[in-house]
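Down below is the structure, laid out as structure tokens.
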Amino acid sequence: MNSEIVGIGAALPSKCIKNSQLPRELNTSDEWIFQRTGIRQRYLAAETETTASLATVAAQNALLHAKISTNDIDLIIVATATGDYTFPATATLVQKSLQITHGAAFDVSAVCSGFIFALDVADSFIKSGKSQCALVIGAETFSRILDWSDRSTCVLFGDGAGAVVLKSQSDKHRGIQSCKIYSDGRFSDYLITSGGISANRSIGFVKMHGREVFKYAVEKFHQSLKELLKDNELKIEDVDLLVPHQANSRIINKLIEISGIDEKKVLITVQKHANTSAASIPLALNEIRDDVFSKRNVVLLSMGAGFTWGSALIKF
Ligand code: ACO
């Protein structure tokens with residue numbers, strides 16, 4: 001069996017903050033942020049909004065889009081680094097909100113690569129016959145782990161959730177053709193929180209060596225794209241749509257330059273959402289969701305803390 005995406009949905013918090021609306025004390029500007037990152041605005045969760053509540057709305061929208069009932073869902077995976085609670089898994093909170101009482105629900109932790117990691121797990125469950133229909137969700141409230149006095153990190157991130165419905169089907173020429181995930185823990189210090197449950201009983205705030213992250217993001221994006229093309233006997237011209245993790249438009253533009261892909265085929269949404277970590281790829285897909293289904297070869301690429309990175313080739 002193969003798995004295919006049959007529905008896409010998203011949810012954004014109600015509060016949208018433009019660069020010019022960031023606190024004056026940060027001593028930043030729209031010009032600095034836009035030139036270095038391509039970001040114009042971000043959505044930030046209100047007190048009542050959580051990763052699980054955003055994930056639930058994204059899942060409901062994806063189910064509506066797919067015209068699939070909650071009864072058909074036998075697997076829920078939430079990719080997140082900002083779950084509602086230490087435990088239980090945020091996926092079980094989504095399961096409860098959707099009133100699903102069968103199947104399994106769990107979280108995957110791979111930060112900005114989380115969505116592709118979760119997609120790979122769900123695809124493997126479907127290919128092995130363990131699951132028939134899965135919700136794969138990337139959801140974050142990164143605003144809760146930002147140091148709002150550190151202008152070098154807090155301007156880069158936003159909150160949101162995106163979801164896809166993944167369904168089993170028998171045509172091997174459609175659906176997820178390949179999904180590959182990678183990590184190298186030697187780079188864990190480059191992008192890390194200043195604390196955690198077992199390290200110091202806190203949640204910690206985002207700390208980042210921006211220049212190193214930039215360098216490795218370009219390298220890992222390019223390396224995994226080349227591998228994906230080789231494994232699937234494709235040329236760069238064969239890619240109809242490339243959806244990279246949305247951290248920074250300069251990283252994406254560098255990838256366009258070195259890979260030789262036509263820039264019109266590359267989806268960039270970071271200006272609207274900022275970096276929403278595991279939510280960024282499904283949020284981007286949702287922006288053009290009806291177009292996505294008219295493309296033949298769609299490539300997803302991610303890179304995140306760990307470092308973790310991954311790629312997926314999906315045929316529609
Ligand atoms: N507003 C104004 N000035 C700022 C801001 C800000 N928000 N942030 C930093 N600066 C200042 C610094 O204080 C410094 O000033 P100084 O020269 O007087 O000391 C100056 O800008 C340059 O600082 P750098 O940190 O060297 O800036 P750099 O040119 O490296 O740009 C950036 C920073 C945009 C983060 C860059 O390193 C980058 O794009 N990194 C990629 C990392 C990324 O996007 N991460 C997202 C998460 S990771 C992921 O998702 C894969």
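Going through the structure tokens in order, the chains are called A, B, and so on, while each chain numbers its residues from 1 and the ligands are numbered from 1 in the order shown.
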- Identify, on the basis of only C-alpha atoms, every residue whose closest approach to His65 of chain A does not exceed 12 Å; exclude the query and any residue fewer than 2 positions from it along the same chain; express the result as a ChimeraX atom specification. /A:5-10,58-63,67-69,163-165,286,289-290,293
Quick one: write out the picked residues with N, CA and C atoms as a compact mmCIF listing (two decimals), in the first residue's frame?
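The result, written out as again03.txt:
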```
# COMPACT_ATOMS: atom_id res chain seq x y z
N ILE A 5 -1.80 12.21 0.43
CA ILE A 5 -2.43 13.33 1.14
C ILE A 5 -3.78 13.59 0.48
N VAL A 6 -4.85 13.56 1.28
CA VAL A 6 -6.19 13.79 0.72
C VAL A 6 -6.85 15.06 1.28
N GLY A 7 -6.19 15.71 2.22
CA GLY A 7 -6.77 16.95 2.76
C GLY A 7 -5.70 17.76 3.48
N ILE A 8 -5.86 19.07 3.42
CA ILE A 8 -4.89 19.98 4.07
C ILE A 8 -5.69 21.04 4.83
N GLY A 9 -5.25 21.37 6.03
CA GLY A 9 -5.93 22.42 6.80
C GLY A 9 -4.94 23.16 7.68
N ALA A 10 -5.35 24.30 8.19
CA ALA A 10 -4.44 25.09 9.03
C ALA A 10 -5.22 25.91 10.05
N ALA A 58 -6.76 23.03 13.02
CA ALA A 58 -6.09 22.66 11.76
C ALA A 58 -6.55 21.27 11.31
N ALA A 59 -6.66 20.34 12.26
CA ALA A 59 -7.09 18.97 11.95
C ALA A 59 -8.53 18.97 11.44
N GLN A 60 -9.40 19.74 12.10
CA GLN A 60 -10.82 19.81 11.64
C GLN A 60 -10.90 20.35 10.22
N ASN A 61 -10.09 21.38 9.92
CA ASN A 61 -10.09 21.95 8.56
C ASN A 61 -9.57 20.95 7.53
N ALA A 62 -8.55 20.18 7.92
CA ALA A 62 -8.01 19.17 6.99
C ALA A 62 -9.04 18.05 6.75
N LEU A 63 -9.75 17.66 7.81
CA LEU A 63 -10.78 16.61 7.67
C LEU A 63 -11.92 17.08 6.77
N LYS A 67 -12.99 15.59 3.25
CA LYS A 67 -14.31 14.96 3.36
C LYS A 67 -14.19 13.59 4.03
N ILE A 68 -13.43 13.58 5.11
CA ILE A 68 -13.19 12.33 5.87
C ILE A 68 -13.76 12.53 7.28
N SER A 69 -14.38 11.50 7.79
CA SER A 69 -14.97 11.59 9.13
C SER A 69 -13.93 11.18 10.18
N ALA A 163 -2.14 20.86 9.17
CA ALA A 163 -2.42 19.42 9.25
C ALA A 163 -2.69 18.84 7.87
N VAL A 164 -2.35 17.58 7.72
CA VAL A 164 -2.76 16.86 6.51
C VAL A 164 -3.44 15.55 6.92
N VAL A 165 -4.35 15.09 6.05
CA VAL A 165 -4.95 13.77 6.23
C VAL A 165 -4.23 12.85 5.24
N ASN A 286 -1.03 24.83 3.01
CA ASN A 286 -2.42 25.27 3.11
C ASN A 286 -2.67 26.57 2.34
N ARG A 289 -3.55 25.35 -1.11
CA ARG A 289 -3.90 23.93 -1.00
C ARG A 289 -4.60 23.36 -2.25
N ASP A 290 -5.41 24.15 -2.94
CA ASP A 290 -6.07 23.55 -4.10
C ASP A 290 -5.10 23.39 -5.27
N PHE A 293 -2.77 20.07 -5.29
CA PHE A 293 -3.28 18.81 -5.85
C PHE A 293 -3.17 18.74 -7.37
```
Any chance you could list, as an mmCIF file with C-alpha atoms, in the first residue's frame, the residues in segment 276-308 of chain A that come up alpha helix (DSSP H) when DSSP is run on the backbone?
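And here is the file that came out, states.cif:
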```cif
data_model
loop_
_atom_site.group_PDB
_atom_site.id
_atom_site.type_symbol
_atom_site.label_atom_id
_atom_site.label_comp_id
_atom_site.auth_asym_id
_atom_site.auth_seq_id
_atom_site.Cartn_x
_atom_site.Cartn_y
_atom_site.Cartn_z
ATOM 1 C CA SER A 280 5.692 25.859 8.757
ATOM 2 C CA ILE A 281 5.459 23.272 5.947
ATOM 3 C CA PRO A 282 1.754 22.354 6.368
ATOM 4 C CA LEU A 283 0.904 26.046 6.915
ATOM 5 C CA ALA A 284 2.670 26.854 3.641
ATOM 6 C CA LEU A 285 0.911 23.986 1.832
ATOM 7 C CA ASN A 286 -2.418 25.270 3.106
ATOM 8 C CA GLU A 287 -1.795 28.695 1.516
ATOM 9 C CA ARG A 289 -3.902 23.930 -1.004
ATOM 10 C CA ASP A 290 -6.067 23.547 -4.099
ATOM 11 C CA ASP A 291 -3.075 24.211 -6.384
ATOM 12 C CA VAL A 292 -1.011 21.576 -4.562
#
```
Practice prompt. Enumerate residues in contact with ligand 1: an atom-to-atom distance of at most 9 Å, counting only C-alpha atoms and all ligand atoms. Format the result as a ChimeraX atom specification.
Written response: /A:26-33,35-37,111-113,150-157,191,208-217,245-251,275-278,302-305,307-309
Hey, can you spit out that residue selection with N, CA and C atoms as a short mmCIF file (atom, residue, chain, number, x, y, z; two decimals), in the first residue's frame?
```cif
data_model
loop_
_atom_site.label_atom_id
_atom_site.label_comp_id
_atom_site.auth_asym_id
_atom_site.auth_seq_id
_atom_site.Cartn_x
_atom_site.Cartn_y
_atom_site.Cartn_z
N LEU A 26 12.62 46.56 22.05
CA LEU A 26 13.47 45.60 21.34
C LEU A 26 14.49 46.31 20.46
N ASN A 27 14.20 47.59 20.14
CA ASN A 27 15.12 48.36 19.32
C ASN A 27 15.42 47.65 17.99
N THR A 28 14.35 47.24 17.34
CA THR A 28 14.49 46.60 16.04
C THR A 28 13.68 47.40 15.02
N SER A 29 13.65 46.95 13.77
CA SER A 29 12.89 47.68 12.75
C SER A 29 12.37 46.72 11.69
N ASP A 30 11.33 47.15 11.00
CA ASP A 30 10.79 46.36 9.89
C ASP A 30 11.90 46.14 8.86
N GLU A 31 12.66 47.20 8.60
CA GLU A 31 13.72 47.12 7.59
C GLU A 31 14.75 46.03 7.95
N TRP A 32 15.24 46.03 9.21
CA TRP A 32 16.26 45.04 9.62
C TRP A 32 15.69 43.63 9.49
N ILE A 33 14.49 43.43 10.03
CA ILE A 33 13.92 42.07 10.05
C ILE A 33 13.65 41.60 8.62
N GLN A 35 14.92 42.65 5.69
CA GLN A 35 16.14 42.44 4.89
C GLN A 35 16.87 41.16 5.26
N ARG A 36 16.94 40.84 6.56
CA ARG A 36 17.71 39.66 6.98
C ARG A 36 16.94 38.36 6.90
N THR A 37 15.60 38.46 6.95
CA THR A 37 14.82 37.21 7.09
C THR A 37 13.65 37.07 6.11
N VAL A 111 11.56 19.37 16.30
CA VAL A 111 11.52 20.83 16.18
C VAL A 111 11.12 21.21 14.74
N CYS A 112 11.93 22.03 14.05
CA CYS A 112 11.48 22.52 12.73
C CYS A 112 11.37 21.40 11.68
N SER A 113 12.01 20.25 11.94
CA SER A 113 11.87 19.12 11.01
C SER A 113 10.71 18.22 11.38
N ASP A 150 15.27 39.33 23.85
CA ASP A 150 16.38 38.99 22.94
C ASP A 150 15.94 39.21 21.49
N ARG A 151 16.30 40.36 20.94
CA ARG A 151 15.84 40.71 19.59
C ARG A 151 16.43 39.80 18.51
N SER A 152 17.54 39.12 18.85
CA SER A 152 18.15 38.27 17.81
C SER A 152 17.37 36.97 17.58
N THR A 153 16.47 36.63 18.50
CA THR A 153 15.66 35.42 18.29
C THR A 153 14.15 35.69 18.26
N CYS A 154 13.66 36.60 19.13
CA CYS A 154 12.19 36.69 19.29
C CYS A 154 11.48 37.21 18.04
N VAL A 155 12.20 37.95 17.18
CA VAL A 155 11.53 38.49 15.98
C VAL A 155 11.35 37.43 14.89
N LEU A 156 12.01 36.27 15.08
CA LEU A 156 12.07 35.28 13.99
C LEU A 156 10.90 34.29 13.98
N PHE A 157 10.19 34.15 15.09
CA PHE A 157 9.24 33.03 15.22
C PHE A 157 7.79 33.48 15.34
N LEU A 191 21.31 25.33 18.36
CA LEU A 191 19.92 25.79 18.44
C LEU A 191 19.28 24.96 19.54
N MET A 208 20.18 30.65 19.96
CA MET A 208 20.58 30.23 18.61
C MET A 208 21.88 30.89 18.17
N HIS A 209 22.74 30.08 17.53
CA HIS A 209 23.92 30.62 16.84
C HIS A 209 23.47 30.82 15.38
N GLY A 210 22.96 32.03 15.10
CA GLY A 210 22.28 32.29 13.83
C GLY A 210 23.12 31.98 12.60
N ARG A 211 24.38 32.39 12.62
CA ARG A 211 25.19 32.22 11.40
C ARG A 211 25.47 30.75 11.09
N GLU A 212 25.74 29.96 12.16
CA GLU A 212 26.00 28.52 11.95
C GLU A 212 24.73 27.84 11.46
N VAL A 213 23.59 28.22 12.05
CA VAL A 213 22.32 27.62 11.63
C VAL A 213 22.08 27.93 10.15
N PHE A 214 22.34 29.17 9.76
CA PHE A 214 22.16 29.58 8.36
C PHE A 214 22.99 28.69 7.44
N LYS A 215 24.27 28.56 7.79
CA LYS A 215 25.20 27.78 6.94
C LYS A 215 24.75 26.33 6.80
N TYR A 216 24.44 25.68 7.93
CA TYR A 216 24.06 24.27 7.88
C TYR A 216 22.68 24.07 7.24
N ALA A 217 21.78 25.04 7.43
CA ALA A 217 20.45 24.90 6.82
C ALA A 217 20.58 24.85 5.30
N HIS A 245 11.11 24.24 4.61
CA HIS A 245 10.79 24.81 5.92
C HIS A 245 10.98 26.33 5.84
N GLN A 246 10.03 27.06 6.40
CA GLN A 246 10.01 28.52 6.26
C GLN A 246 10.66 29.16 7.50
N ALA A 247 12.00 29.29 7.45
CA ALA A 247 12.70 29.95 8.55
C ALA A 247 13.14 31.34 8.14
N ASN A 248 13.57 31.45 6.88
CA ASN A 248 14.27 32.66 6.49
C ASN A 248 14.36 32.69 4.96
N SER A 249 13.88 33.75 4.34
CA SER A 249 13.87 33.76 2.86
C SER A 249 15.28 33.77 2.28
N ARG A 250 16.25 34.26 3.06
CA ARG A 250 17.64 34.26 2.53
C ARG A 250 18.17 32.83 2.44
N ILE A 251 17.79 31.98 3.39
CA ILE A 251 18.21 30.57 3.31
C ILE A 251 17.58 29.94 2.07
N ASN A 275 8.80 32.09 11.34
CA ASN A 275 9.18 30.68 11.47
C ASN A 275 8.26 30.02 12.50
N THR A 276 7.41 29.12 12.03
CA THR A 276 6.48 28.43 12.95
C THR A 276 6.94 27.00 13.22
N SER A 277 8.22 26.74 13.04
CA SER A 277 8.81 25.45 13.37
C SER A 277 8.06 24.30 12.68
N ALA A 278 7.60 23.31 13.44
CA ALA A 278 6.97 22.13 12.82
C ALA A 278 5.71 22.47 12.01
N SER A 302 13.13 19.97 5.12
CA SER A 302 13.13 20.62 6.43
C SER A 302 14.51 20.57 7.05
N MET A 303 14.70 21.46 8.03
CA MET A 303 15.96 21.49 8.78
C MET A 303 15.64 22.14 10.12
N GLY A 304 16.12 21.57 11.19
CA GLY A 304 15.80 22.14 12.49
C GLY A 304 16.80 21.76 13.56
N ALA A 305 16.49 22.16 14.79
CA ALA A 305 17.38 21.93 15.92
C ALA A 305 17.68 20.45 16.08
N PHE A 307 21.21 18.86 15.03
CA PHE A 307 20.33 19.22 13.93
C PHE A 307 19.54 18.01 13.44
N THR A 308 18.36 18.31 12.92
CA THR A 308 17.54 17.31 12.25
C THR A 308 17.22 17.85 10.87
N TRP A 309 17.07 17.00 9.90
CA TRP A 309 16.63 17.46 8.58
C TRP A 309 15.94 16.32 7.85
#
```
List as JSON, numbers by chain the protein and nucleic acid residues near Phe125 of chain A, meaning an atom at most 12 Å away when only C-alpha atoms are counted, but skip any in the same chain fewer than 3 places from it.
{"A": [1, 2, 3, 74, 75, 76, 77, 103, 104, 118, 119, 120, 121, 122, 128, 129, 130, 131, 132, 133, 134, 135, 136, 166, 167, 168]}
- Query: Suppose you want the space between atom CA of Glu4 of chain A and atom CA of Leu255 of chain A; what is it in Å?
  - Reply: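 Answer for the atom CA of Glu4 of chain A to atom CA of Leu255 of chain A separation: 26.8 Å.
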key: One-decimal distance in Å that lies between atom CA of Thr141 of chain A and atom CA of Thr90 of chain A   =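 These two atoms are separated by 12.0 Å.
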Q: Please provide as a PyMOL selection string all residues within 7 Å of Val243 of chain A, with the sequence filter that same-chain residues fewer than 5 positions apart are discarded (counting only C-alpha atoms).
A: chain A and resi 266-267+281+299-301
Problem - Surrounding residues of Ser178 of chain A excluding itself and chain neighbours under 3 positions, 8 Å, only C-alpha atoms, as a VMD selection string - result: chain A and resid 228 232 311 to 314
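Take the candidates A:Gly196, A:Pro23, A:Pro13, A:Gly310 and check each one against Gly160 of chain A using only C-alpha atoms; the shortest distance goes to A:Pro13.
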Leaving out Ala46 of chain A and any residue of its chain fewer than 6 positions from it, which residues lie within 12 Å of it when counting only C-alpha atoms, given as JSON, numbers by chain? {"A": [12, 13, 14, 15, 16, 17, 53, 54, 141, 143, 144, 159, 160]}
Within 7 Å of Gly306 of chain A using only C-alpha atoms, minus same-chain residues under 2 positions, as a list of chain:residue names =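 The residues satisfying every condition are A:Ser183, A:Asp184, A:Gly185, A:Phe187, A:Ser188, A:Gly304, A:Thr308.
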Include C-alpha atoms and write out the residues we just selected as a compact mmCIF listing (two decimals), in the first residue's frame.
```txt
# COMPACT_ATOMS: atom_id res chain seq x y z
CA SER A 183 19.92 13.92 12.44
CA ASP A 184 23.36 14.76 13.81
CA GLY A 185 23.42 15.51 17.54
CA PHE A 187 25.18 20.26 16.43
CA SER A 188 22.64 20.27 19.28
CA GLY A 304 15.80 22.14 12.49
CA THR A 308 17.54 17.31 12.25
```
Min atom-atom distance to Thr50 of chain A from the set A:Gly83, A:Gly38, A:Gly158, A:Gly175, counting only C-alpha atoms, belongs to A:Gly83
Between atom CA of Gln21 of chain A and atom CA of Gln271 of chain A lies a distance of 14.9 Å
Q.
I need the residue nearest Leu146 of chain A from this list: A:Gln169, A:Gln177, A:Thr82, A:Thr269. Use only C-alpha atoms for the distance.
A.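 Of the candidates, the smallest distance to Leu146 of chain A is held by A:Thr82.
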Min atom-atom distance to Glu49 of chain A from the set A:Thr101, A:Ala161, A:Ser109, A:Asn71, counting only C-alpha atoms, belongs to A:Ala161
Give the strand (DSSP E or B) residues of segment 50-200 of chain A, as DSSP finds them on the backbone, and put them as a PyMOL selection string. chain A and resi 75-79+104-108+133-141+157+159-169+175-183+191-193
